[in-house]
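Working notes, structure below.
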Amino acid sequence: MRLPRTDSAPASSAVVPLYAAGFTTAFGAHSIATALGAESLGGYGGGGASGDLGLNLLVLGVLLALYDVAEVFLKPVFGSLSDRIGPKPVIVGGLLGFAVASLVGLWSGQPLVLALARLGQGAAASAFSPASSASVARLAGKDTGRYFGRYGSWKGLGYAFGPLLGAGALLVGGFPALFGVLAALAVVVAVWVAVAVPRLEPLPRPRYTSADLARQLTDRSFLGPTLVLAGATGSLGAAVGFLPALAARAGLGTFASVAVVTVLAVASSLVQPRIGRLRDAGRIRDRPGMAGGLLVIALGAAVASVLPLAGELAAAVAVYLAALLIGGGIGFATPLAFAHLADATPAERMGRTMGSAELGRELGDAGGPLLVGAVAAGTGIGWGLGALAVVVAALAAAAPKKASLPSS
């Protein structure tokens, strides 16, 4: 007999700390990434001790990748752990681990120390990110679209404001100030989760063989939304990296170029809660919604791909149109994919499913920029973004039909 999730809607006091945990991982990832890029070139010259880090592009790339590398390997592990001991201790422990790793960054004058801090942050985020998703799924009851829409919106705000807040911290006190802010944020959210989030006890689980696991991971109700999440997240990663470059080539200044990313993230944050509510009301079905979201992303990437051929004024307008389309498509597809996963997963293995799906997202996050960069290296950014548009449009075919729990 399968044990159901909570059927009543949770109180705001129970789920908002989980949204804050989602914000923390997004804010931590993007604020540090932006700071590394700026300080490696001496861009901010903040009041801290970091100054010009003098990183070459290879070392910078390694430092940027460490956060995601840790997540790729550890998210399924911590997701399964949250099924065994309950998600709350994994979330609290992960947030406190994030704070400790951030404190290491207070002495971030050397690349090795930065690497240790960023690797530690990624490992800690690998714990509290899938456990938070699993908690949202178990608390949401029948309103999975609504609550995952809000969860995704908070993450989007982390992506949007992480670079801006990170820049402000750098100006005030360099890397020590930025890592101090992240440590304080993680501790506050950990205490908030410990006080406000109810303890969700681990549920009895049937024994799974290797064949059962393989069947679950290849089932369309898991594989389909995971591929959708990979496509959406890969597009986000590529857009964050390449749209500002296109904006700069179109003659926009530094602020206007960076603002392209903020427009994308804010568009995603505004769309997600609305899409989640419409899904729960039965006005949007999963398959056409996820497929439609990916096609909108593909259209945005296609618009961006022709920017190098446009005149300066047209390119300046089109780059923001591309950001709106990509952000809106991400906001459309993401809550539907997470809600579908939640509805198609027995509560007793929710953590493992969310951890494995997050692994798919991380692979997409790495694969999107790699695809665009590899094609662009030989033919130009326009062709790279065109290739992304084709791949994302093809992934729309993976969107599954109505979610249903697998049989025992």
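Letters for chains follow the order of the structure tokens (A, B, ...), residue numbers begin at 1 for each chain, and ligand numbers begin at 1 in the order shown.
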Pick out the residues sitting within 7 Å of Pro335 (chain A), and hand them over as number ranges by chain; count only C-alpha atoms, and ignore anything fewer than 6 positions along from it in its own chain. A: 145, 148-149, 152, 272, 276
What's around region 234-244 of chain A at 9 Å? Count only C-alpha atoms, leave out sequence neighbours fewer than 4 positions away in its own chain, and write the answer as a ChimeraX atom specification. /A:229-230,248-249,254,256-261,264-265,297-298,301,304,319-320,322-323,326-327,330,361-373,381,385,388-389,392
Neighbouring residues of Arg84 (chain A) were defined as those with any atom within 12 Å, considering only C-alpha atoms; residues of the same chain fewer than 3 positions away were excluded. Please report them as a PyMOL selection string. chain A and resi 77-81+87-90+131+200-205+347-352
What parts of region 77-317 of chain A does DSSP call alpha helix (DSSP H)? I'd like the answer as a PyMOL selection string. chain A and resi 77-85+87-104+111-140+144-196+210-218+220-249+254-280+286-305+312-317
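What separates CA of Gly173 (chain A) from CA of Ile32 (chain A) is a distance of 13.9 Å.
Using only C-alpha atoms for every distance, the candidate list A:Tyr19, A:Phe179, A:Tyr147, A:Phe255 yields A:Phe179 as the residue closest to Leu114 (chain A).
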